[in-house]
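Structure below is upload.cif: mmCIF, C-alpha atoms.
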```cif
data_run
#
loop_
_atom_site.label_atom_id
_atom_site.label_comp_id
_atom_site.auth_asym_id
_atom_site.auth_seq_id
_atom_site.Cartn_x
_atom_site.Cartn_y
_atom_site.Cartn_z
CA MET A 1 -54.72 -282.68 103.11
CA LYS A 2 -56.40 -284.03 106.23
CA THR A 3 -59.51 -281.98 107.09
CA ILE A 4 -62.71 -282.47 109.08
CA PHE A 5 -64.31 -283.64 105.83
CA ASN A 6 -62.32 -286.89 105.84
CA ASN A 7 -64.24 -288.28 108.81
CA THR A 8 -66.44 -290.91 107.15
CA GLN A 9 -67.79 -292.23 110.46
CA ASN A 10 -69.49 -288.85 111.10
CA ALA A 11 -70.42 -288.42 107.45
CA PHE A 12 -72.35 -291.67 107.15
CA ALA A 13 -73.42 -292.25 110.76
CA LEU A 14 -77.11 -292.18 109.77
CA LYS A 15 -76.73 -294.69 106.94
CA SER A 16 -77.41 -298.36 107.60
CA ASP A 17 -75.16 -300.86 105.84
CA SER A 18 -77.81 -301.42 103.16
CA GLU A 19 -78.24 -297.65 102.60
CA LEU A 20 -74.47 -297.30 102.31
CA GLU A 21 -74.42 -300.07 99.68
CA ARG A 22 -77.26 -298.39 97.76
CA ALA A 23 -75.41 -295.05 97.78
CA TYR A 24 -72.24 -296.76 96.54
CA PHE A 25 -74.21 -298.52 93.78
CA LEU A 26 -75.93 -295.27 92.68
CA PHE A 27 -72.75 -293.21 92.52
CA ARG A 28 -71.02 -295.96 90.55
CA LEU A 29 -73.86 -295.73 88.03
CA ILE A 30 -73.73 -291.92 87.96
CA ALA A 31 -69.97 -292.05 87.31
CA ASN A 32 -70.71 -293.87 84.04
CA GLU A 33 -71.89 -291.22 81.55
CA PRO A 34 -73.19 -293.59 78.81
CA LEU A 35 -75.13 -295.50 81.46
CA VAL A 36 -76.71 -292.28 82.75
CA ARG A 37 -77.75 -291.35 79.19
CA ILE A 38 -79.31 -294.77 78.59
CA GLY A 39 -80.95 -294.83 82.03
CA THR A 40 -82.40 -291.35 81.48
CA ALA A 41 -83.87 -292.33 78.11
CA VAL A 42 -85.34 -295.57 79.47
CA THR A 43 -86.80 -293.83 82.53
CA ASN A 44 -88.37 -291.06 80.42
CA PHE A 45 -89.88 -293.64 78.11
CA ALA A 46 -91.20 -295.76 81.00
CA ILE A 47 -92.85 -292.74 82.66
CA LYS A 48 -94.42 -291.44 79.43
CA ALA A 49 -95.68 -294.95 78.61
CA HIS A 50 -97.11 -295.21 82.15
CA LEU A 51 -95.17 -298.38 82.83
CA PRO A 52 -95.20 -299.53 86.48
CA VAL A 53 -91.68 -298.34 87.36
CA GLU A 54 -92.47 -296.14 90.36
CA GLY A 55 -91.67 -298.87 92.89
CA LEU A 56 -88.20 -299.43 91.43
CA ILE A 57 -87.50 -295.68 91.19
CA ARG A 58 -88.77 -295.14 94.73
CA ALA A 59 -86.55 -297.86 96.17
CA THR A 60 -83.38 -296.60 94.49
CA VAL A 61 -82.75 -293.10 93.18
CA PHE A 62 -85.86 -291.43 94.68
CA ASP A 63 -85.28 -292.53 98.28
CA HIS A 64 -81.59 -291.60 98.03
CA PHE A 65 -82.15 -288.04 96.75
CA CYS A 66 -85.68 -287.24 98.05
CA GLY A 67 -87.36 -287.07 101.44
CA GLY A 68 -90.74 -288.44 100.40
CA VAL A 69 -93.91 -287.78 98.43
CA THR A 70 -95.45 -285.23 100.84
CA GLU A 71 -94.01 -282.86 103.42
CA GLN A 72 -95.38 -285.12 106.18
CA ASP A 73 -93.55 -288.02 104.52
CA CYS A 74 -90.30 -286.10 104.96
CA ILE A 75 -90.55 -285.69 108.74
CA PRO A 76 -88.79 -288.97 109.71
CA VAL A 77 -85.84 -287.97 107.48
CA VAL A 78 -85.90 -284.40 108.84
CA GLU A 79 -85.92 -285.54 112.45
CA LYS A 80 -83.23 -288.16 111.87
CA MET A 81 -80.85 -285.57 110.37
CA TYR A 82 -81.70 -283.00 113.04
CA GLN A 83 -80.51 -285.41 115.74
CA LYS A 84 -77.08 -284.88 114.17
CA GLY A 85 -77.53 -281.10 114.00
CA VAL A 86 -78.35 -280.95 110.28
CA SER A 87 -81.48 -278.94 109.41
CA SER A 88 -83.61 -279.38 106.28
CA VAL A 89 -85.10 -277.15 103.58
CA LEU A 90 -88.25 -278.76 102.17
CA ASP A 91 -88.06 -278.31 98.40
CA TYR A 92 -91.19 -279.15 96.39
CA SER A 93 -89.30 -280.32 93.31
CA VAL A 94 -91.97 -280.55 90.63
CA GLU A 95 -90.41 -278.98 87.52
CA GLY A 96 -91.23 -278.19 83.92
CA LYS A 97 -95.00 -277.53 84.09
CA GLU A 98 -96.04 -274.23 82.54
CA ASP A 99 -99.73 -273.44 82.96
CA GLU A 100 -101.72 -271.29 85.38
CA ALA A 101 -103.17 -274.29 87.23
CA HIS A 102 -99.69 -275.61 88.04
CA PHE A 103 -98.40 -272.14 88.95
CA ASP A 104 -101.30 -271.77 91.40
CA ASP A 105 -100.62 -275.25 92.77
CA ALA A 106 -96.92 -274.41 93.36
CA PHE A 107 -97.92 -271.09 94.96
CA HIS A 108 -100.42 -272.67 97.36
CA LYS A 109 -98.02 -275.52 98.09
CA THR A 110 -95.32 -272.96 99.04
CA LEU A 111 -97.73 -271.15 101.37
CA SER A 112 -98.75 -274.39 103.08
CA ILE A 113 -95.09 -275.47 103.43
CA MET A 114 -94.31 -272.12 105.07
CA GLU A 115 -97.03 -272.75 107.66
CA PHE A 116 -95.57 -276.23 108.19
CA VAL A 117 -92.00 -274.89 108.44
CA SER A 118 -92.97 -272.22 110.98
CA THR A 119 -93.82 -274.93 113.54
CA HIS A 120 -90.68 -277.08 113.08
CA GLN A 121 -87.35 -275.97 114.50
CA ALA A 122 -85.52 -278.40 112.19
CA LEU A 123 -86.86 -276.50 109.14
CA PRO A 124 -85.26 -273.03 109.26
CA PHE A 125 -86.10 -271.93 105.66
CA ALA A 126 -88.80 -272.15 103.00
CA VAL A 127 -88.03 -272.10 99.25
CA PHE A 128 -89.59 -271.72 95.81
CA LYS A 129 -88.45 -271.61 92.17
CA PRO A 130 -89.34 -268.60 90.00
CA SER A 131 -90.35 -270.93 87.14
CA GLY A 132 -92.88 -272.48 89.52
CA TYR A 133 -94.63 -269.09 89.70
CA GLY A 134 -94.67 -268.07 86.01
CA ARG A 135 -93.66 -268.89 82.44
CA ILE A 136 -89.98 -268.64 81.55
CA LYS A 137 -90.83 -266.84 78.27
CA LEU A 138 -92.82 -264.26 80.23
CA TYR A 139 -89.92 -263.59 82.62
CA GLU A 140 -87.66 -263.26 79.57
CA LYS A 141 -89.96 -260.75 77.91
CA VAL A 142 -90.28 -258.67 81.10
CA GLY A 143 -86.52 -258.81 81.69
CA ASN A 144 -85.87 -257.59 78.14
CA LYS A 145 -88.37 -254.73 78.68
CA GLN A 146 -90.47 -255.89 75.73
CA GLU A 147 -94.03 -254.65 75.51
CA LEU A 148 -96.56 -257.08 76.94
CA SER A 149 -99.97 -257.73 75.46
CA ALA A 150 -102.98 -257.07 77.69
CA SER A 151 -103.29 -260.77 78.53
CA GLU A 152 -99.54 -261.05 79.20
CA GLN A 153 -99.72 -258.04 81.52
CA GLU A 154 -102.53 -259.72 83.45
CA GLU A 155 -100.44 -262.89 83.58
CA TRP A 156 -97.41 -260.97 84.87
CA ASN A 157 -99.58 -259.26 87.49
CA ARG A 158 -100.49 -262.72 88.76
CA VAL A 159 -96.78 -263.64 88.98
CA VAL A 160 -96.04 -260.44 90.94
CA ASN A 161 -98.98 -261.17 93.24
CA ARG A 162 -97.68 -264.68 93.95
CA TYR A 163 -94.30 -263.22 94.97
CA GLU A 164 -95.96 -260.51 97.06
CA VAL A 165 -98.27 -262.86 98.97
CA THR A 166 -95.48 -265.40 99.54
CA CYS A 167 -92.92 -262.87 100.79
CA LYS A 168 -95.50 -261.11 102.99
CA LYS A 169 -96.36 -264.46 104.58
CA ALA A 170 -92.67 -265.24 105.11
CA PHE A 171 -92.35 -261.89 106.89
CA GLU A 172 -95.45 -262.48 109.04
CA LEU A 173 -94.38 -266.02 109.99
CA ASP A 174 -90.72 -264.96 110.44
CA VAL A 175 -89.64 -267.75 108.06
CA PRO A 176 -86.58 -266.89 105.89
CA LEU A 177 -87.47 -267.55 102.25
CA LEU A 178 -84.93 -268.79 99.68
CA ILE A 179 -85.82 -267.96 96.07
CA ASP A 180 -83.86 -270.10 93.63
CA ALA A 181 -82.00 -268.84 90.54
CA GLU A 182 -82.60 -270.15 87.03
CA GLU A 183 -81.46 -269.58 83.44
CA SER A 184 -79.81 -266.20 82.77
CA TRP A 185 -82.36 -265.17 80.14
CA MET A 186 -85.18 -265.16 82.70
CA GLN A 187 -83.13 -264.05 85.71
CA ASP A 188 -83.23 -260.25 85.28
CA ALA A 189 -87.00 -260.10 85.78
CA ALA A 190 -86.78 -262.45 88.77
CA ASP A 191 -83.91 -260.41 90.29
CA ASN A 192 -85.90 -257.19 90.01
CA LEU A 193 -88.94 -258.77 91.63
CA VAL A 194 -86.92 -260.26 94.49
CA GLU A 195 -85.14 -256.95 95.09
CA GLU A 196 -88.53 -255.25 95.34
CA MET A 197 -89.54 -257.83 97.96
CA MET A 198 -86.27 -257.27 99.87
CA ARG A 199 -86.98 -253.54 99.99
CA LYS A 200 -90.38 -254.25 101.52
CA TYR A 201 -89.68 -257.12 103.88
CA ASN A 202 -85.97 -256.96 104.76
CA LYS A 203 -86.10 -253.71 106.71
CA GLU A 204 -85.06 -255.28 110.03
CA LYS A 205 -83.22 -258.43 108.90
CA ALA A 206 -82.92 -260.75 105.92
CA ILE A 207 -86.20 -262.62 105.36
CA VAL A 208 -86.25 -262.72 101.55
CA PHE A 209 -83.17 -264.36 99.97
CA ASN A 210 -82.26 -264.27 96.29
CA THR A 211 -79.81 -266.74 94.71
CA LEU A 212 -76.62 -265.92 92.79
CA GLN A 213 -75.13 -268.50 90.42
CA MET A 214 -71.46 -267.63 90.69
CA TYR A 215 -70.41 -269.49 87.54
CA ARG A 216 -71.78 -266.31 85.91
CA TRP A 217 -69.00 -263.74 85.62
CA ASP A 218 -71.40 -260.79 86.18
CA ARG A 219 -72.82 -261.89 89.54
CA LEU A 220 -70.23 -260.35 91.84
CA ASP A 221 -70.80 -256.94 90.24
CA TYR A 222 -74.56 -257.49 90.62
CA LEU A 223 -74.06 -258.21 94.34
CA LYS A 224 -71.99 -255.08 94.81
CA GLY A 225 -74.58 -252.98 92.97
CA LEU A 226 -77.36 -254.46 95.09
CA HIS A 227 -75.33 -253.61 98.20
CA GLU A 228 -75.15 -249.95 97.14
CA ARG A 229 -78.93 -249.89 96.55
CA SER A 230 -79.53 -251.56 99.92
CA LYS A 231 -77.54 -248.83 101.67
CA GLU A 232 -79.50 -246.16 99.81
CA HIS A 233 -82.92 -247.67 100.56
CA GLY A 234 -82.20 -249.20 103.96
CA PHE A 235 -82.78 -252.93 103.56
CA TYR A 236 -80.89 -256.11 104.41
CA ILE A 237 -79.62 -258.51 101.76
CA GLY A 238 -80.34 -262.22 102.02
CA MET A 239 -78.39 -264.24 99.45
CA LYS A 240 -77.83 -267.87 98.66
CA LEU A 241 -74.58 -268.36 96.74
CA VAL A 242 -74.20 -271.41 94.50
CA ARG A 243 -71.94 -272.20 91.58
CA GLY A 244 -74.80 -272.93 89.19
CA ALA A 245 -76.87 -275.60 87.48
CA TYR A 246 -77.34 -274.79 83.79
CA MET A 247 -73.84 -274.46 82.35
CA GLU A 248 -74.20 -276.56 79.19
CA LYS A 249 -77.59 -275.04 78.39
CA GLU A 250 -76.20 -271.51 78.91
CA ASN A 251 -73.14 -272.08 76.71
CA ASP A 252 -75.17 -273.78 73.95
CA ARG A 253 -77.74 -270.97 73.84
CA ALA A 254 -75.07 -268.25 73.78
CA LEU A 255 -73.35 -270.01 70.86
CA GLU A 256 -76.62 -270.54 68.99
CA LYS A 257 -77.80 -266.94 69.40
CA GLY A 258 -74.38 -265.34 68.98
CA TYR A 259 -73.91 -263.50 72.27
CA PRO A 260 -71.05 -263.80 74.81
CA THR A 261 -71.62 -266.64 77.25
CA PRO A 262 -72.54 -265.50 80.76
CA ILE A 263 -70.50 -268.39 82.17
CA CYS A 264 -66.96 -267.90 83.54
CA ALA A 265 -64.16 -268.95 81.20
CA SER A 266 -62.95 -271.82 83.40
CA LYS A 267 -63.74 -273.92 86.46
CA GLN A 268 -61.01 -272.03 88.34
CA ALA A 269 -62.61 -268.68 87.44
CA SER A 270 -65.97 -269.95 88.73
CA ASP A 271 -64.37 -271.12 91.97
CA GLU A 272 -62.61 -267.78 92.45
CA ASN A 273 -65.84 -265.89 91.70
CA TYR A 274 -67.76 -267.99 94.22
CA ASP A 275 -65.15 -267.49 96.94
CA ALA A 276 -64.96 -263.75 96.22
CA GLY A 277 -68.75 -263.49 96.59
CA VAL A 278 -68.65 -265.31 99.92
CA GLN A 279 -65.80 -263.10 101.14
CA TYR A 280 -67.65 -259.93 100.12
CA MET A 281 -70.73 -261.01 102.05
CA VAL A 282 -68.80 -261.97 105.19
CA GLU A 283 -67.04 -258.59 105.09
CA HIS A 284 -70.46 -256.85 105.00
CA LEU A 285 -72.33 -259.20 107.30
CA ASN A 286 -73.72 -256.31 109.33
CA THR A 287 -76.32 -255.85 106.56
CA MET A 288 -76.29 -259.30 104.93
CA ALA A 289 -77.13 -262.95 105.58
CA LEU A 290 -75.48 -265.75 103.62
CA PHE A 291 -76.65 -269.22 102.66
CA ALA A 292 -73.53 -270.83 101.17
CA GLY A 293 -74.80 -273.61 98.94
CA THR A 294 -71.72 -275.61 98.01
CA HIS A 295 -70.48 -279.16 97.55
CA ASN A 296 -66.92 -277.89 97.31
CA GLU A 297 -64.66 -278.71 100.26
CA ASN A 298 -62.18 -275.90 99.57
CA SER A 299 -64.92 -273.26 99.48
CA SER A 300 -66.36 -274.65 102.71
CA LEU A 301 -62.94 -274.51 104.38
CA LYS A 302 -62.38 -270.95 103.14
CA LEU A 303 -65.69 -269.83 104.63
CA MET A 304 -64.79 -271.49 107.94
CA GLN A 305 -61.45 -269.64 107.92
CA LEU A 306 -63.16 -266.33 107.03
CA MET A 307 -65.58 -266.71 109.93
CA ASP A 308 -62.67 -267.39 112.26
CA ALA A 309 -60.67 -264.42 110.93
CA HIS A 310 -63.65 -262.10 111.48
CA GLY A 311 -64.24 -263.39 115.00
CA LEU A 312 -67.64 -264.85 114.13
CA SER A 313 -69.10 -267.68 116.16
CA LYS A 314 -69.55 -270.96 114.29
CA ASP A 315 -73.31 -270.84 114.83
CA ASP A 316 -73.79 -267.20 113.77
CA LYS A 317 -77.37 -267.23 112.46
CA ARG A 318 -76.43 -265.00 109.51
CA ILE A 319 -74.32 -267.78 107.94
CA TRP A 320 -75.60 -271.18 106.81
CA PHE A 321 -73.88 -273.91 104.84
CA GLY A 322 -76.13 -275.89 102.50
CA GLN A 323 -75.90 -279.10 100.48
CA LEU A 324 -78.39 -281.30 98.64
CA TYR A 325 -79.85 -284.37 100.32
CA GLY A 326 -78.12 -287.51 99.11
CA MET A 327 -74.85 -285.72 98.34
CA SER A 328 -71.79 -284.44 100.22
CA ASP A 329 -72.71 -285.93 103.59
CA HIS A 330 -69.02 -285.68 104.44
CA ILE A 331 -69.39 -281.89 104.29
CA SER A 332 -72.82 -281.53 105.93
CA PHE A 333 -72.44 -283.86 108.89
CA ASN A 334 -68.84 -282.95 109.66
CA LEU A 335 -69.72 -279.24 109.63
CA SER A 336 -72.65 -279.82 112.00
CA GLU A 337 -70.48 -282.02 114.23
CA ASN A 338 -68.12 -279.03 114.51
CA GLY A 339 -70.87 -276.57 115.45
CA TYR A 340 -71.73 -274.82 112.15
CA ASN A 341 -75.24 -274.11 110.84
CA VAL A 342 -76.02 -276.63 108.10
CA ALA A 343 -79.16 -277.33 106.10
CA LYS A 344 -79.82 -280.00 103.50
CA TYR A 345 -82.13 -279.20 100.57
CA LEU A 346 -84.69 -282.02 100.85
CA PRO A 347 -86.64 -282.49 97.59
CA PHE A 348 -90.07 -284.08 97.74
CA GLY A 349 -93.15 -284.61 95.58
CA PRO A 350 -94.97 -287.33 93.61
CA VAL A 351 -92.42 -289.78 92.17
CA ARG A 352 -93.36 -289.18 88.52
CA ASP A 353 -93.45 -285.40 88.93
CA VAL A 354 -90.04 -285.29 90.62
CA MET A 355 -88.31 -287.37 87.91
CA PRO A 356 -87.21 -284.33 85.82
CA TYR A 357 -85.42 -283.05 88.94
CA LEU A 358 -83.79 -286.43 89.60
CA ILE A 359 -82.67 -286.79 85.98
CA ARG A 360 -81.11 -283.31 86.09
CA ARG A 361 -79.37 -284.27 89.34
CA ALA A 362 -77.87 -287.42 87.76
CA GLU A 363 -76.74 -285.49 84.65
CA GLU A 364 -75.13 -282.74 86.74
CA ASN A 365 -73.27 -285.29 88.85
CA THR A 366 -72.04 -287.04 85.72
CA SER A 367 -70.61 -283.78 84.38
CA VAL A 368 -68.76 -283.08 87.67
CA ALA A 369 -66.49 -286.11 87.55
CA GLY A 370 -64.26 -285.12 90.48
CA GLN A 371 -67.22 -284.76 92.81
CA THR A 372 -68.67 -288.17 91.93
CA SER A 373 -65.31 -289.90 92.36
CA ARG A 374 -64.87 -288.15 95.73
CA GLU A 375 -68.29 -289.47 96.86
CA LEU A 376 -67.31 -292.96 95.72
CA ASN A 377 -63.95 -292.88 97.50
CA LEU A 378 -65.53 -291.78 100.78
CA LEU A 379 -68.25 -294.44 100.54
CA ARG A 380 -65.56 -297.01 99.79
CA GLU A 381 -63.56 -295.88 102.84
CA GLU A 382 -66.59 -296.14 105.11
CA ARG A 383 -67.47 -299.60 103.81
CA GLN A 384 -63.90 -300.65 104.56
CA ARG A 385 -63.94 -299.00 108.01
CA ARG A 386 -67.14 -300.83 108.96
CA LYS A 387 -65.79 -304.11 107.66
CA LEU A 388 -62.64 -303.76 109.78
CA SER A 389 -64.60 -302.73 112.88
CA ASP A 390 -66.84 -305.81 112.47
CA ASP A 391 -63.86 -308.18 112.21
#
```

Please re-express this file's structure in structure tokens.
Amino acid sequence: MKTIFNNTQNAFALKSDSELERAYFLFRLIANEPLVRIGTAVTNFAIKAHLPVEGLIRATVFDHFCGGVTEQDCIPVVEKMYQKGVSSVLDYSVEGKEDEAHFDDAFHKTLSIMEFVSTHQALPFAVFKPSGYGRIKLYEKVGNKQELSASEQEEWNRVVNRYEVTCKKAFELDVPLLIDAEESWMQDAADNLVEEMMRKYNKEKAIVFNTLQMYRWDRLDYLKGLHERSKEHGFYIGMKLVRGAYMEKENDRALEKGYPTPICASKQASDENYDAGVQYMVEHLNTMALFAGTHNENSSLKLMQLMDAHGLSKDDKRIWFGQLYGMSDHISFNLSENGYNVAKYLPFGPVRDVMPYLIRRAEENTSVAGQTSRELNLLREERQRRKLSDD
């Protein structure tokens, strides 16, 4: 089917020939699962052994998927994309560190990014990860309503305070704040906290956004329940909808611990759940705002059709499409070319600290074979198009 997403000239307009070749090389590597496994092991070893590999990583995978080391570093990338109508979400992508010093660092970094974002039109959102603000085991314990020790209660109070200060600042700066979703076993506590923040700060419009991973079969019911509570308490719902990022981990844990998996039974069921969530939000847009995080062309087309059917303008500020930097440029840049609101998640941070994120990105791409082959085909088409236009 011919759609706007087939236009490779728009999709890759910002890529030089050498950047196009690098992207093609990287996605060919990612398409090879054994190679990704070996590369991941070698990279982990090199980083732990403090081998001088940062230059190589920076010139290849880091520069393709990340905006830079600092937020200031990211500005040339941000401005370049914004010339084509694509906004950015600065995502401080340091993962996997679980101590109070790192939680405070992530908290203060988020606050400073929000100040930075508030002065840049090309940066319409701020974002943070719940696991950047507190220990996963602590979220799990709170979500399961287990009794906390005195020191754990103090620790949880610090987590709550980080959320409170961050959301209050988002409200004061008028910067919409996306709060990412994580593993199901820690999500209940995070959901409850974010809902509390919505009640406080979403009285006039959506400032605080939660995230629903729609490969979970229970998320549509959660959204509907939240909608009922929002009507009762008079607050707006901000929600980012994604398919999800922890499928293998979720299924393995459910099997190991003997409980039903929270993941939908099939890819088709996940797709249907995602599209149903988007439809529900569009139908109740008078009290909701949607950030549709998807690399799926069909879901993007369905949302475009829904907007048209409901008489919504393409640039309605309550609806944003989102993709990750370095992926699905054919969706992002063709949507922006056609007048829709689009933002790329732009990860940044010290090269070594961002490697866990990059490794996860490569592994996720490897497991979604159709997506990687689609990226490769489009890159191949654009290489061919440029070659013919040069002849």

Legend entry - Atom pair CA of Ala292 in chain A / CA of Tyr280 in chain A: separation (Å):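 Separating CA of Ala292 in chain A from CA of Tyr280 in chain A is a distance of 12.4 Å.
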
Legend entry - Selection result for the PyMOL selection byres ((chain A and resi 71) around 10) on this file, as a PyMOL selection string: chain A and resi 67-70+72-75+78+90-92+109+112-113+116-117+346-349

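Residues in contact with Gly238 in chain A at 10 Å, where all atoms listed in the file are counted and same-chain residues fewer than 3 positions away are skipped, are listed as A:Pro176, A:Leu177, A:Leu178, A:Ile179, A:Glu195, A:Met198, A:Asn202, A:Lys205, A:Ala206, A:Ile207, A:Val208, A:Phe209, A:Asn210, A:Thr211, A:Phe235, A:Leu241, A:Met281, A:Thr287, A:Met288, A:Ala289, A:Leu290, A:Phe291, A:Arg318.
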
Legend entry - Test item: residues at most 6 Å from range 321-336 of chain A, all atoms listed in the file, excluding those fewer than 5 positions along its chain, as a ChimeraX atom specification: /A:5,11,64-65,85,291-294,342-346

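When CA of Lys302 in chain A is paired with CA of Lys84 in chain A, their separation reads 23.1 Å.
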
Inset, instruction - Figure out the distance between CA of Arg22 in chain A and CA of Tyr340 in chain A, please, to one decimal in Å. - result: 28.2 Å

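Distances to Glu140 in chain A were evaluated for A:Glu337, A:Glu248, A:Asp191, A:Glu172 using only C-alpha atoms, and the minimum falls at A:Asp191.
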
Inset, instruction - Would you please work out which residue, of A:Gln384, A:Asn157, A:Asp390, A:Leu138, is nearest to Thr8 in chain A when using only C-alpha atoms? - result: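 Closest to Thr8 in chain A, using only C-alpha atoms: A:Gln384.
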
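Against this structure, the PyMOL selection byres ((chain A and resi 379) around 8) ends up with Thr8, Leu20, Ala23, Tyr24, Glu375, Leu376, Asn377, Leu378, Arg380, Glu381, Glu382 and Arg383 of chain A.
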
Legend entry - Picked residues, the PyMOL selection byres ((chain A and resi 143) around 8), as a ChimeraX atom specification: /A:139-142,144-146,185-190

Inset, instruction - Kindly indicate which residue among A:Val282, A:Val165, A:Leu212, A:Leu111 lies nearest to Met197 in chain A, using all atoms listed in the file for the distances. - result: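 Going through A:Val282, A:Val165, A:Leu212, A:Leu111 one by one, the smallest distance to Met197 in chain A is for A:Val165.
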
Inset, instruction - Taking the point (-67.2, -296.6, 112.0) as given in the file, collect each protein or nucleic acid residue that comes within 8 Å of it, counting only C-alpha atoms, and present the set as a ChimeraX atom specification. - result: /A:8-9,13,382,385-386,389

Legend entry - Near-range 264-274 of chain A list (12 Å; only C-alpha atoms; drop same-chain fewer than 4 positions) as a ChimeraX atom specification: /A:212-221,223,240-244,247,250-251,260,278-281,292-300,302-303,368,370

C-alpha atoms of the current selection, written as a PDB file, in the coordinates of the input:
```pdb
ATOM      1  CA  LEU A 212     -76.620-265.920  92.790  1.00  0.00           C
ATOM      2  CA  GLN A 213     -75.130-268.500  90.420  1.00  0.00           C
ATOM      3  CA  MET A 214     -71.460-267.630  90.690  1.00  0.00           C
ATOM      4  CA  TYR A 215     -70.410-269.490  87.540  1.00  0.00           C
ATOM      5  CA  ARG A 216     -71.780-266.310  85.910  1.00  0.00           C
ATOM      6  CA  TRP A 217     -69.000-263.740  85.620  1.00  0.00           C
ATOM      7  CA  ASP A 218     -71.400-260.790  86.180  1.00  0.00           C
ATOM      8  CA  ARG A 219     -72.820-261.890  89.540  1.00  0.00           C
ATOM      9  CA  LEU A 220     -70.230-260.350  91.840  1.00  0.00           C
ATOM     10  CA  ASP A 221     -70.800-256.940  90.240  1.00  0.00           C
ATOM     11  CA  LEU A 223     -74.060-258.210  94.340  1.00  0.00           C
ATOM     12  CA  LYS A 240     -77.830-267.870  98.660  1.00  0.00           C
ATOM     13  CA  LEU A 241     -74.580-268.360  96.740  1.00  0.00           C
ATOM     14  CA  VAL A 242     -74.200-271.410  94.500  1.00  0.00           C
ATOM     15  CA  ARG A 243     -71.940-272.200  91.580  1.00  0.00           C
ATOM     16  CA  GLY A 244     -74.800-272.930  89.190  1.00  0.00           C
ATOM     17  CA  MET A 247     -73.840-274.460  82.350  1.00  0.00           C
ATOM     18  CA  GLU A 250     -76.200-271.510  78.910  1.00  0.00           C
ATOM     19  CA  ASN A 251     -73.140-272.080  76.710  1.00  0.00           C
ATOM     20  CA  PRO A 260     -71.050-263.800  74.810  1.00  0.00           C
ATOM     21  CA  VAL A 278     -68.650-265.310  99.920  1.00  0.00           C
ATOM     22  CA  GLN A 279     -65.800-263.100 101.140  1.00  0.00           C
ATOM     23  CA  TYR A 280     -67.650-259.930 100.120  1.00  0.00           C
ATOM     24  CA  MET A 281     -70.730-261.010 102.050  1.00  0.00           C
ATOM     25  CA  ALA A 292     -73.530-270.830 101.170  1.00  0.00           C
ATOM     26  CA  GLY A 293     -74.800-273.610  98.940  1.00  0.00           C
ATOM     27  CA  THR A 294     -71.720-275.610  98.010  1.00  0.00           C
ATOM     28  CA  HIS A 295     -70.480-279.160  97.550  1.00  0.00           C
ATOM     29  CA  ASN A 296     -66.920-277.890  97.310  1.00  0.00           C
ATOM     30  CA  GLU A 297     -64.660-278.710 100.260  1.00  0.00           C
ATOM     31  CA  ASN A 298     -62.180-275.900  99.570  1.00  0.00           C
ATOM     32  CA  SER A 299     -64.920-273.260  99.480  1.00  0.00           C
ATOM     33  CA  SER A 300     -66.360-274.650 102.710  1.00  0.00           C
ATOM     34  CA  LYS A 302     -62.380-270.950 103.140  1.00  0.00           C
ATOM     35  CA  LEU A 303     -65.690-269.830 104.630  1.00  0.00           C
ATOM     36  CA  VAL A 368     -68.760-283.080  87.670  1.00  0.00           C
ATOM     37  CA  GLY A 370     -64.260-285.120  90.480  1.00  0.00           C
TER      38      GLY A 370
END
```

Inset, instruction - Using all atoms listed in the file, find the one residue out of A:Leu123, A:Glu19, A:Leu285, A:Leu301 that sits nearest to Asp316 in chain A. - result: A:Leu285
